[in-house]
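Have a look at coords26.pdb below; it lists PDB, C-alpha atoms.
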MODEL        1
ATOM      1  CA  MET A 480     225.203-124.071   5.208  1.00  0.00           C
ATOM      2  CA  SER A 481     221.462-124.608   5.515  1.00  0.00           C
ATOM      3  CA  TYR A 482     220.445-121.187   4.225  1.00  0.00           C
ATOM      4  CA  LEU A 483     222.136-121.866   0.880  1.00  0.00           C
ATOM      5  CA  THR A 484     220.018-124.901  -0.011  1.00  0.00           C
ATOM      6  CA  GLY A 485     217.291-124.588  -2.618  1.00  0.00           C
ATOM      7  CA  THR A 486     216.181-121.427  -4.397  1.00  0.00           C
ATOM      8  CA  PRO A 487     216.642-117.997  -2.794  1.00  0.00           C
ATOM      9  CA  ALA A 488     213.316-116.924  -1.334  1.00  0.00           C
ATOM     10  CA  GLY A 489     213.578-113.505  -2.969  1.00  0.00           C
ATOM     11  CA  ASN A 490     213.830-115.114  -6.403  1.00  0.00           C
ATOM     12  CA  ALA A 491     210.626-117.069  -5.953  1.00  0.00           C
ATOM     13  CA  HIS A 492     208.413-114.029  -6.567  1.00  0.00           C
ATOM     14  CA  PRO A 493     207.933-112.543 -10.045  1.00  0.00           C
ATOM     15  CA  GLY A 494     208.548-108.828 -10.035  1.00  0.00           C
ATOM     16  CA  THR A 495     210.650-108.772  -6.859  1.00  0.00           C
ATOM     17  CA  THR A 496     214.117-108.919  -8.383  1.00  0.00           C
ATOM     18  CA  ASP A 497     214.809-105.326  -7.337  1.00  0.00           C
ATOM     19  CA  VAL A 498     213.894-105.623  -3.674  1.00  0.00           C
ATOM     20  CA  ARG A 499     215.462-102.910  -1.562  1.00  0.00           C
ATOM     21  CA  THR A 500     217.052-104.118   1.624  1.00  0.00           C
ATOM     22  CA  GLY A 501     216.661-101.669   4.496  1.00  0.00           C
ATOM     23  CA  LEU A 502     216.801-101.385   8.248  1.00  0.00           C
ATOM     24  CA  GLY A 503     214.116-101.841  10.878  1.00  0.00           C
ATOM     25  CA  VAL A 504     215.193-100.487  14.268  1.00  0.00           C
ATOM     26  CA  PRO A 505     213.491-102.560  16.997  1.00  0.00           C
ATOM     27  CA  GLY A 506     214.515-100.951  20.277  1.00  0.00           C
ATOM     28  CA  LEU A 507     217.025 -98.106  20.312  1.00  0.00           C
ATOM     29  CA  ALA A 508     217.495 -96.531  23.742  1.00  0.00           C
ATOM     30  CA  HIS A 509     215.454 -93.493  24.796  1.00  0.00           C
ATOM     31  CA  PRO A 510     216.444 -90.337  22.847  1.00  0.00           C
ATOM     32  CA  LEU A 511     217.791 -88.720  26.026  1.00  0.00           C
ATOM     33  CA  LEU A 512     220.220 -91.638  26.400  1.00  0.00           C
ATOM     34  CA  ALA A 513     221.054 -91.950  22.706  1.00  0.00           C
ATOM     35  CA  PRO A 514     220.531 -88.541  21.062  1.00  0.00           C
ATOM     36  CA  ALA A 515     223.308 -89.006  18.494  1.00  0.00           C
ATOM     37  CA  GLU A 516     221.939 -92.400  17.456  1.00  0.00           C
ATOM     38  CA  TRP A 517     218.423 -91.062  16.880  1.00  0.00           C
ATOM     39  CA  GLY A 518     219.912 -88.169  14.968  1.00  0.00           C
ATOM     40  CA  GLU A 519     221.905 -90.552  12.794  1.00  0.00           C
ATOM     41  CA  LEU A 520     218.756 -92.467  11.811  1.00  0.00           C
ATOM     42  CA  ALA A 521     217.217 -89.224  10.550  1.00  0.00           C
ATOM     43  CA  ARG A 522     220.173 -88.234   8.359  1.00  0.00           C
ATOM     44  CA  PRO A 523     219.263 -87.993   4.657  1.00  0.00           C
ATOM     45  CA  GLY A 524     219.889 -91.107   2.611  1.00  0.00           C
ATOM     46  CA  ARG A 525     219.949 -93.563   5.496  1.00  0.00           C
ATOM     47  CA  PRO A 526     218.311 -96.850   4.368  1.00  0.00           C
ATOM     48  CA  VAL A 527     215.884 -97.049   7.307  1.00  0.00           C
ATOM     49  CA  HIS A 528     212.458 -98.583   6.651  1.00  0.00           C
ATOM     50  CA  TRP A 529     211.162 -97.857  10.136  1.00  0.00           C
ATOM     51  CA  ALA A 530     212.192 -97.282  13.747  1.00  0.00           C
ATOM     52  CA  ALA A 531     210.253 -98.355  16.819  1.00  0.00           C
ATOM     53  CA  LEU A 532     209.717 -95.873  19.648  1.00  0.00           C
ATOM     54  CA  ASP A 533     209.591 -97.299  23.179  1.00  0.00           C
ATOM     55  CA  VAL A 534     209.183 -94.414  25.603  1.00  0.00           C
ATOM     56  CA  CYS A 535     208.897 -96.314  28.891  1.00  0.00           C
ATOM     57  CA  ASP A 536     207.906 -99.925  28.288  1.00  0.00           C
ATOM     58  CA  GLY A 537     205.242 -98.463  26.039  1.00  0.00           C
ATOM     59  CA  PRO A 538     204.103 -94.867  25.412  1.00  0.00           C
ATOM     60  CA  GLY A 539     204.506 -93.799  29.040  1.00  0.00           C
ATOM     61  CA  SER A 540     201.992 -91.978  31.208  1.00  0.00           C
ATOM     62  CA  ARG A 541     202.470 -88.521  29.688  1.00  0.00           C
ATOM     63  CA  PRO A 542     203.931 -87.020  26.504  1.00  0.00           C
ATOM     64  CA  ASP A 543     207.724 -86.976  26.363  1.00  0.00           C
ATOM     65  CA  PRO A 544     209.076 -83.905  24.495  1.00  0.00           C
ATOM     66  CA  SER A 545     212.372 -85.533  23.521  1.00  0.00           C
ATOM     67  CA  CYS A 546     210.563 -88.528  22.006  1.00  0.00           C
ATOM     68  CA  LEU A 547     208.179 -86.242  20.144  1.00  0.00           C
ATOM     69  CA  GLU A 548     211.121 -84.314  18.707  1.00  0.00           C
ATOM     70  CA  SER A 549     212.979 -87.465  17.632  1.00  0.00           C
ATOM     71  CA  ALA A 550     209.855 -88.972  16.091  1.00  0.00           C
ATOM     72  CA  GLY A 551     209.213 -85.763  14.172  1.00  0.00           C
ATOM     73  CA  ARG A 552     212.750 -85.664  12.784  1.00  0.00           C
ATOM     74  CA  LEU A 553     212.433 -89.241  11.558  1.00  0.00           C
ATOM     75  CA  ARG A 554     209.090 -88.633   9.871  1.00  0.00           C
ATOM     76  CA  ASN A 555     210.485 -85.497   8.205  1.00  0.00           C
ATOM     77  CA  ALA A 556     213.281 -87.703   6.853  1.00  0.00           C
ATOM     78  CA  GLY A 557     210.732 -90.106   5.389  1.00  0.00           C
ATOM     79  CA  VAL A 558     211.186 -92.817   8.022  1.00  0.00           C
ATOM     80  CA  ARG A 559     208.164 -94.547   9.543  1.00  0.00           C
ATOM     81  CA  VAL A 560     207.925 -94.354  13.330  1.00  0.00           C
ATOM     82  CA  LEU A 561     206.225 -97.313  15.015  1.00  0.00           C
ATOM     83  CA  GLY A 562     204.889 -97.434  18.552  1.00  0.00           C
ATOM     84  CA  HIS A 563     206.369-100.363  20.497  1.00  0.00           C
ATOM     85  CA  ILE A 564     203.673-102.484  22.176  1.00  0.00           C
ATOM     86  CA  ASP A 565     204.366-105.634  24.212  1.00  0.00           C
ATOM     87  CA  ALA A 566     201.892-108.357  23.211  1.00  0.00           C
ATOM     88  CA  LEU A 567     203.167-110.628  26.016  1.00  0.00           C
ATOM     89  CA  TYR A 568     202.728-113.716  23.806  1.00  0.00           C
ATOM     90  CA  GLY A 569     198.991-113.079  23.558  1.00  0.00           C
ATOM     91  CA  ALA A 570     198.387-112.704  27.300  1.00  0.00           C
ATOM     92  CA  ARG A 571     197.666-108.952  27.374  1.00  0.00           C
ATOM     93  CA  ALA A 572     194.136-107.606  27.327  1.00  0.00           C
ATOM     94  CA  LEU A 573     193.046-106.067  24.048  1.00  0.00           C
ATOM     95  CA  ALA A 574     191.889-102.896  25.813  1.00  0.00           C
ATOM     96  CA  GLU A 575     195.383-102.332  27.288  1.00  0.00           C
ATOM     97  CA  MET A 576     197.090-102.583  23.914  1.00  0.00           C
ATOM     98  CA  ILE A 577     194.561-100.342  22.188  1.00  0.00           C
ATOM     99  CA  SER A 578     194.953 -97.762  24.950  1.00  0.00           C
ATOM    100  CA  GLU A 579     198.721 -97.732  24.423  1.00  0.00           C
ATOM    101  CA  ALA A 580     198.294 -97.502  20.665  1.00  0.00           C
ATOM    102  CA  GLN A 581     195.978 -94.518  20.997  1.00  0.00           C
ATOM    103  CA  ARG A 582     198.465 -92.712  23.245  1.00  0.00           C
ATOM    104  CA  TYR A 583     201.232 -93.311  20.710  1.00  0.00           C
ATOM    105  CA  LEU A 584     199.024 -91.787  18.037  1.00  0.00           C
ATOM    106  CA  ASP A 585     197.845 -88.856  20.140  1.00  0.00           C
ATOM    107  CA  TRP A 586     201.240 -87.931  21.554  1.00  0.00           C
ATOM    108  CA  TYR A 587     203.768 -88.969  18.877  1.00  0.00           C
ATOM    109  CA  GLN A 588     201.751 -89.263  15.642  1.00  0.00           C
ATOM    110  CA  VAL A 589     203.217 -92.684  14.937  1.00  0.00           C
ATOM    111  CA  ASP A 590     202.804 -94.360  11.552  1.00  0.00           C
ATOM    112  CA  GLY A 591     202.048 -97.806  12.927  1.00  0.00           C
ATOM    113  CA  PHE A 592     202.954-100.344  15.572  1.00  0.00           C
ATOM    114  CA  LEU A 593     205.535-103.009  16.394  1.00  0.00           C
ATOM    115  CA  LEU A 594     203.940-105.744  18.493  1.00  0.00           C
ATOM    116  CA  ASP A 595     206.796-107.306  20.414  1.00  0.00           C
ATOM    117  CA  ARG A 596     206.652-110.820  21.886  1.00  0.00           C
ATOM    118  CA  CYS A 597     203.846-111.719  19.521  1.00  0.00           C
ATOM    119  CA  PRO A 598     202.492-115.277  19.783  1.00  0.00           C
ATOM    120  CA  ALA A 599     203.156-117.561  16.844  1.00  0.00           C
ATOM    121  CA  ASP A 600     200.878-120.602  17.071  1.00  0.00           C
ATOM    122  CA  ARG A 601     197.552-121.240  15.383  1.00  0.00           C
ATOM    123  CA  THR A 602     195.493-121.181  18.593  1.00  0.00           C
ATOM    124  CA  THR A 603     196.344-117.534  19.277  1.00  0.00           C
ATOM    125  CA  LEU A 604     195.617-116.434  15.709  1.00  0.00           C
ATOM    126  CA  PRO A 605     191.979-115.369  16.363  1.00  0.00           C
ATOM    127  CA  GLY A 606     193.021-113.170  19.280  1.00  0.00           C
ATOM    128  CA  MET A 607     195.750-111.481  17.275  1.00  0.00           C
ATOM    129  CA  ARG A 608     193.312-111.006  14.412  1.00  0.00           C
ATOM    130  CA  ARG A 609     191.067-109.034  16.763  1.00  0.00           C
ATOM    131  CA  THR A 610     194.055-107.020  17.994  1.00  0.00           C
ATOM    132  CA  THR A 611     195.391-106.074  14.572  1.00  0.00           C
ATOM    133  CA  GLY A 612     191.886-105.377  13.320  1.00  0.00           C
ATOM    134  CA  ALA A 613     191.322-102.969  16.197  1.00  0.00           C
ATOM    135  CA  LEU A 614     194.684-101.277  15.601  1.00  0.00           C
ATOM    136  CA  ARG A 615     193.807-100.667  11.976  1.00  0.00           C
ATOM    137  CA  THR A 616     190.662 -98.756  12.982  1.00  0.00           C
ATOM    138  CA  LEU A 617     192.776 -96.183  14.855  1.00  0.00           C
ATOM    139  CA  HIS A 618     194.764 -94.937  11.862  1.00  0.00           C
ATOM    140  CA  GLU A 619     194.054 -94.566   8.171  1.00  0.00           C
ATOM    141  CA  ALA A 620     196.782 -97.015   7.093  1.00  0.00           C
ATOM    142  CA  PRO A 621     199.003 -98.117  10.001  1.00  0.00           C
ATOM    143  CA  HIS A 622     202.126-100.133   9.282  1.00  0.00           C
ATOM    144  CA  VAL A 623     201.795-103.195  11.526  1.00  0.00           C
ATOM    145  CA  VAL A 624     204.803-105.388  12.333  1.00  0.00           C
ATOM    146  CA  LEU A 625     204.371-108.577  14.369  1.00  0.00           C
ATOM    147  CA  ASP A 626     207.587-109.594  16.137  1.00  0.00           C
ATOM    148  CA  HIS A 627     207.352-113.349  16.662  1.00  0.00           C
ATOM    149  CA  GLY A 628     211.109-113.883  16.586  1.00  0.00           C
ATOM    150  CA  ILE A 629     210.462-117.257  14.926  1.00  0.00           C
ATOM    151  CA  HIS A 630     208.454-118.460  11.969  1.00  0.00           C
ATOM    152  CA  PRO A 631     204.804-118.359  13.042  1.00  0.00           C
ATOM    153  CA  CYS A 632     202.004-120.295  11.415  1.00  0.00           C
ATOM    154  CA  SER A 633     201.423-118.907   7.944  1.00  0.00           C
ATOM    155  CA  GLY A 634     198.038-117.405   8.841  1.00  0.00           C
ATOM    156  CA  TYR A 635     199.733-114.458  10.521  1.00  0.00           C
ATOM    157  CA  THR A 636     200.687-113.084   7.108  1.00  0.00           C
ATOM    158  CA  GLU A 637     197.035-112.036   6.724  1.00  0.00           C
ATOM    159  CA  LEU A 638     197.234-109.803   9.807  1.00  0.00           C
ATOM    160  CA  ALA A 639     200.374-107.722   9.367  1.00  0.00           C
ATOM    161  CA  ASP A 640     202.388-105.757   6.862  1.00  0.00           C
ATOM    162  CA  GLN A 641     205.558-107.462   8.098  1.00  0.00           C
ATOM    163  CA  LEU A 642     206.482-110.417  10.284  1.00  0.00           C
ATOM    164  CA  VAL A 643     209.715-110.728  12.266  1.00  0.00           C
ATOM    165  CA  THR A 644     210.584-114.368  11.608  1.00  0.00           C
ATOM    166  CA  PHE A 645     213.993-114.328  13.303  1.00  0.00           C
ATOM    167  CA  SER A 646     215.133-112.471  16.404  1.00  0.00           C
ATOM    168  CA  GLY A 647     218.142-113.800  18.249  1.00  0.00           C
ATOM    169  CA  PRO A 648     221.906-114.358  18.294  1.00  0.00           C
ATOM    170  CA  TRP A 649     224.250-114.770  15.361  1.00  0.00           C
ATOM    171  CA  SER A 650     225.222-118.221  16.641  1.00  0.00           C
ATOM    172  CA  ASP A 651     221.676-119.385  15.796  1.00  0.00           C
ATOM    173  CA  TYR A 652     221.114-117.241  12.715  1.00  0.00           C
ATOM    174  CA  ARG A 653     224.085-118.532  10.755  1.00  0.00           C
ATOM    175  CA  TRP A 654     222.597-122.051  10.837  1.00  0.00           C
ATOM    176  CA  SER A 655     218.932-121.037  10.582  1.00  0.00           C
ATOM    177  CA  GLN A 656     216.478-122.351   8.018  1.00  0.00           C
ATOM    178  CA  VAL A 657     213.587-120.573   6.373  1.00  0.00           C
ATOM    179  CA  ALA A 658     210.032-121.938   6.495  1.00  0.00           C
ATOM    180  CA  GLU A 659     208.904-123.149   3.061  1.00  0.00           C
ATOM    181  CA  TRP A 660     205.646-121.164   3.148  1.00  0.00           C
ATOM    182  CA  THR A 661     207.547-117.863   3.126  1.00  0.00           C
ATOM    183  CA  ALA A 662     208.416-118.442  -0.552  1.00  0.00           C
ATOM    184  CA  GLU A 663     204.787-117.586  -1.348  1.00  0.00           C
ATOM    185  CA  HIS A 664     205.326-114.002  -0.164  1.00  0.00           C
ATOM    186  CA  PRO A 665     207.694-111.200  -1.217  1.00  0.00           C
ATOM    187  CA  PRO A 666     210.754-110.349   0.904  1.00  0.00           C
ATOM    188  CA  GLU A 667     209.199-107.011   1.912  1.00  0.00           C
ATOM    189  CA  ARG A 668     206.935-108.992   4.225  1.00  0.00           C
ATOM    190  CA  PHE A 669     209.733-110.289   6.481  1.00  0.00           C
ATOM    191  CA  CYS A 670     212.222-108.883   9.013  1.00  0.00           C
ATOM    192  CA  HIS A 671     215.274-110.403  10.716  1.00  0.00           C
ATOM    193  CA  PHE A 672     216.850-109.031  13.911  1.00  0.00           C
ATOM    194  CA  VAL A 673     220.253-110.504  14.780  1.00  0.00           C
ATOM    195  CA  HIS A 674     222.557-109.559  17.660  1.00  0.00           C
ATOM    196  CA  GLY A 675     226.162-110.540  18.300  1.00  0.00           C
ATOM    197  CA  VAL A 676     227.089-110.403  14.603  1.00  0.00           C
ATOM    198  CA  PRO A 677     230.899-110.032  14.373  1.00  0.00           C
ATOM    199  CA  ARG A 678     232.188-107.377  11.988  1.00  0.00           C
ATOM    200  CA  GLY A 679     233.940-110.029   9.918  1.00  0.00           C
ATOM    201  CA  HIS A 680     230.666-111.897   9.344  1.00  0.00           C
ATOM    202  CA  LEU A 681     228.531-108.939   8.291  1.00  0.00           C
ATOM    203  CA  ASP A 682     228.589-109.886   4.599  1.00  0.00           C
ATOM    204  CA  GLU A 683     227.626-113.453   5.457  1.00  0.00           C
ATOM    205  CA  ALA A 684     224.698-112.201   7.561  1.00  0.00           C
ATOM    206  CA  LEU A 685     223.486-110.039   4.680  1.00  0.00           C
ATOM    207  CA  ARG A 686     223.662-113.039   2.336  1.00  0.00           C
ATOM    208  CA  ILE A 687     221.567-115.110   4.735  1.00  0.00           C
ATOM    209  CA  ALA A 688     218.889-112.427   4.867  1.00  0.00           C
ATOM    210  CA  ARG A 689     218.780-112.190   1.068  1.00  0.00           C
ATOM    211  CA  TRP A 690     218.623-115.949   0.555  1.00  0.00           C
ATOM    212  CA  GLN A 691     215.938-116.353   3.196  1.00  0.00           C
ATOM    213  CA  GLY A 692     213.895-113.531   1.703  1.00  0.00           C
ATOM    214  CA  ALA A 693     213.941-110.857   4.432  1.00  0.00           C
ATOM    215  CA  ALA A 694     214.124-107.298   3.112  1.00  0.00           C
ATOM    216  CA  THR A 695     214.108-105.522   6.488  1.00  0.00           C
ATOM    217  CA  ILE A 696     216.997-106.267   8.844  1.00  0.00           C
ATOM    218  CA  TRP A 697     218.742-105.085  11.988  1.00  0.00           C
ATOM    219  CA  PHE A 698     222.204-106.532  12.605  1.00  0.00           C
ATOM    220  CA  THR A 699     224.285-105.457  15.585  1.00  0.00           C
ATOM    221  CA  ASP A 700     227.432-106.501  17.394  1.00  0.00           C
ATOM    222  CA  GLY A 701     225.665-105.845  20.699  1.00  0.00           C
ATOM    223  CA  VAL A 702     225.176-108.899  22.895  1.00  0.00           C
ATOM    224  CA  GLU A 703     222.429-109.889  25.301  1.00  0.00           C
ATOM    225  CA  ARG A 704     223.306-109.107  28.904  1.00  0.00           C
ATOM    226  CA  GLY A 705     219.919-109.584  30.527  1.00  0.00           C
ATOM    227  CA  GLY A 706     216.754-107.793  29.480  1.00  0.00           C
ATOM    228  CA  ALA A 707     215.085-108.775  26.232  1.00  0.00           C
ATOM    229  CA  ARG A 708     216.011-105.649  24.284  1.00  0.00           C
ATOM    230  CA  ASP A 709     219.518-104.979  25.617  1.00  0.00           C
ATOM    231  CA  PRO A 710     221.270-105.912  22.348  1.00  0.00           C
ATOM    232  CA  TRP A 711     219.177-103.441  20.370  1.00  0.00           C
ATOM    233  CA  GLU A 712     219.651-100.364  22.574  1.00  0.00           C
ATOM    234  CA  THR A 713     222.828 -99.081  20.873  1.00  0.00           C
ATOM    235  CA  MET A 714     223.885 -98.683  17.261  1.00  0.00           C
ATOM    236  CA  PRO A 715     226.161-101.389  15.858  1.00  0.00           C
ATOM    237  CA  GLY A 716     229.848-100.546  15.971  1.00  0.00           C
ATOM    238  CA  TYR A 717     229.991-101.083  12.191  1.00  0.00           C
ATOM    239  CA  TRP A 718     227.046 -98.790  11.416  1.00  0.00           C
ATOM    240  CA  ASP A 719     228.888 -97.039   8.580  1.00  0.00           C
ATOM    241  CA  GLU A 720     229.715-100.383   7.002  1.00  0.00           C
ATOM    242  CA  ILE A 721     226.078-101.493   7.054  1.00  0.00           C
ATOM    243  CA  VAL A 722     224.988 -98.210   5.497  1.00  0.00           C
ATOM    244  CA  SER A 723     227.647 -98.447   2.771  1.00  0.00           C
ATOM    245  CA  ARG A 724     226.728-102.052   1.940  1.00  0.00           C
ATOM    246  CA  ILE A 725     223.005-101.373   1.741  1.00  0.00           C
ATOM    247  CA  GLY A 726     223.200 -97.805   0.472  1.00  0.00           C
ATOM    248  CA  THR A 727     219.852 -96.669  -0.895  1.00  0.00           C
ATOM    249  CA  GLY A 728     218.951-100.244  -1.705  1.00  0.00           C
ATOM    250  CA  VAL A 729     220.556-103.546  -2.645  1.00  0.00           C
ATOM    251  CA  SER A 730     219.305-105.347  -5.726  1.00  0.00           C
ATOM    252  CA  GLU A 731     218.400-108.887  -4.905  1.00  0.00           C
TER
ENDMDL
END
File written out as structure tokens:
Amino acid sequence: MSYLTGTPAGNAHPGTTDVRTGLGVPGLAHPLLAPAEWGELARPGRPVHWAALDVCDGPGSRPDPSCLESAGRLRNAGVRVLGHIDALYGARALAEMISEAQRYLDWYQVDGFLLDRCPADRTTLPGMRRTTGALRTLHEAPHVVLDHGIHPCSGYTELADQLVTFSGPWSDYRWSQVAEWTAEHPPERFCHFVHGVPRGHLDEALRIARWQGAATIWFTDGVERGGARDPWETMPGYWDEIVSRIGTGVSE
């Protein structure tokens, strides 16, 4: 398989042989619709790097008490909470995104931002540099994740703490290839989101992530049924198996 050719990306970086694999939660349903799932993420010992909060296609028009409560429980458990912002492939006005980011901070005290549908080409790099620069002025040290869903041009590594370099179905992921430039960066810089992963292929999916050098993952057996985030709205049916395989960290 293509992901097994060459040297594992995680092994290309001195000092990163003990990388801890963990979970990034891109779009769980609203806490009122999935209270048990949000509660599960906040349980002690869960290997969750961060969870994105999407109140109503953004922060909403007013504070939501249930979202505030869920965000607080996660932060108390040591999990970063990120405000979900739609970058619309670079088409949204900077002022709109900054306004949403400020509301996330004011109402939910988020620790950073997940910019969904982030553009990936070189021509949009200056605009995204302005956006991420503005976001970083709003918070002392925000954790910024750019969700391209594909490998962007390498310049985007200068803008974000993490890049989502794969987001899509298992049928594509199992044959995916990693961009060569990613070997210049540690696995902590990359995330993979994969839906439709069968239970019997969970170990294979974890191996792909390790070999391609992605330390933050979200694998689910949910499938896309219309709506970009449908697969991510529920917990995977094999949640306990993922937690047991990752534990408090998997040595790479």
Option closest in space to Ala550 in chain A, from A:Gln588, A:Thr610, A:Gln656, A:Gln641 [counting only C-alpha atoms]: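 Using only C-alpha atoms, the shortest distance to Ala550 in chain A belongs to A:Gln588.
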Given only C-alpha atoms as the counted atoms, nearest of A:Pro505, A:Pro510, A:Gly692, A:Gly591 to Glu619 in chain A: A:Gly591
Please enumerate the residues selected by the PyMOL selection byres ((chain A and resi 666-670) around 9) when evaluated against the supplied file, formatted as a tab-separated table (two decimals) with C-alpha atoms, in the frame of the given file.
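The resulting file, result27.tsv, is reproduced below:
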chain	number	residue	atom	x	y	z
A	488	ALA	CA	213.32	-116.92	-1.33
A	489	GLY	CA	213.58	-113.50	-2.97
A	492	HIS	CA	208.41	-114.03	-6.57
A	495	THR	CA	210.65	-108.77	-6.86
A	498	VAL	CA	213.89	-105.62	-3.67
A	499	ARG	CA	215.46	-102.91	-1.56
A	500	THR	CA	217.05	-104.12	1.62
A	502	LEU	CA	216.80	-101.38	8.25
A	503	GLY	CA	214.12	-101.84	10.88
A	624	VAL	CA	204.80	-105.39	12.33
A	626	ASP	CA	207.59	-109.59	16.14
A	636	THR	CA	200.69	-113.08	7.11
A	639	ALA	CA	200.37	-107.72	9.37
A	640	ASP	CA	202.39	-105.76	6.86
A	641	GLN	CA	205.56	-107.46	8.10
A	642	LEU	CA	206.48	-110.42	10.28
A	643	VAL	CA	209.72	-110.73	12.27
A	644	THR	CA	210.58	-114.37	11.61
A	645	PHE	CA	213.99	-114.33	13.30
A	646	SER	CA	215.13	-112.47	16.40
A	661	THR	CA	207.55	-117.86	3.13
A	662	ALA	CA	208.42	-118.44	-0.55
A	664	HIS	CA	205.33	-114.00	-0.16
A	665	PRO	CA	207.69	-111.20	-1.22
A	671	HIS	CA	215.27	-110.40	10.72
A	672	PHE	CA	216.85	-109.03	13.91
A	688	ALA	CA	218.89	-112.43	4.87
A	689	ARG	CA	218.78	-112.19	1.07
A	691	GLN	CA	215.94	-116.35	3.20
A	692	GLY	CA	213.90	-113.53	1.70
A	693	ALA	CA	213.94	-110.86	4.43
A	694	ALA	CA	214.12	-107.30	3.11
A	695	THR	CA	214.11	-105.52	6.49
A	696	ILE	CA	217.00	-106.27	8.84
A	697	TRP	CA	218.74	-105.08	11.99
When you look at Leu573 in chain A with a cut-off of 9 Å (counting only C-alpha atoms), what residues show up, excluding the ones that are within fewer than 4 positions of it in the same chain? I need them as a PDB file with C-alpha atoms, in the coordinates of the input.
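Resulting contents of around18.pdb:
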ATOM      1  CA  ILE A 577     194.561-100.342  22.188  1.00  0.00           C
ATOM      2  CA  SER A 578     194.953 -97.762  24.950  1.00  0.00           C
ATOM      3  CA  GLY A 606     193.021-113.170  19.280  1.00  0.00           C
ATOM      4  CA  ARG A 609     191.067-109.034  16.763  1.00  0.00           C
ATOM      5  CA  THR A 610     194.055-107.020  17.994  1.00  0.00           C
ATOM      6  CA  ALA A 613     191.322-102.969  16.197  1.00  0.00           C
TER       7      ALA A 613
END
Residue members of the PyMOL selection byres ((chain A and resi 719) around 12) in the file shown, as a list in words: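 In the shown coordinates, the PyMOL selection byres ((chain A and resi 719) around 12) covers Glu519, Leu520, Arg525, Pro526, Arg678, Leu681, Thr699, Met714, Pro715, Gly716, Tyr717, Trp718, Glu720, Ile721, Val722, Ser723, Arg724, Ile725 and Gly726 of chain A.
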Axis-aligned box for range 632-644 of chain A, 5 Å per side, centre and edges in Å as lines of an AutoDock Vina configuration file:
center_x = 203.8
center_y = -113.0
center_z = 9.5
size_x = 23.5
size_y = 24.5
size_z = 15.5
Pairwise distance for CA of Pro631 in chain A and CA of Asp651 in chain A, rounded to one decimal in Å: 17.1 Å
Nearest-residue call for Pro598 in chain A, choices A:His627, A:His674, A:Arg552, A:Arg686, using all atoms listed in the file: A:His627
Spatial neighbours of range 531-543 of chain A, 8 Å, only C-alpha atoms, chain gap at least 6 places, as a list of chain:residue names: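 In the requested format, the answer is A:Gly503, A:Val504, A:Pro505, A:Gly506, A:Leu507, A:Ala508, A:His509, A:Ala550, A:Val560, A:Leu561, A:Gly562, A:His563, A:Ile564, A:Asp565, A:Glu579, A:Ala580, A:Arg582, A:Tyr583, A:Trp586, A:Tyr587, A:Phe592, A:Leu593.
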Interatomic distance, CA of Ala684 in chain A to CA of Ala599 in chain A (Å, one decimal): 24.1 Å
Selected residue, from A:Arg615, A:Arg608, A:His622, A:Arg571, that lies nearest to Trp529 in chain A when counting all atoms listed in the file: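 Between A:Arg615, A:Arg608, A:His622, A:Arg571, the residue approaching Trp529 in chain A most closely is A:His622.
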Length of the CA of Gln581 in chain A to CA of Pro621 in chain A vector [Å]: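 Between these atoms lies a distance of 12.0 Å.
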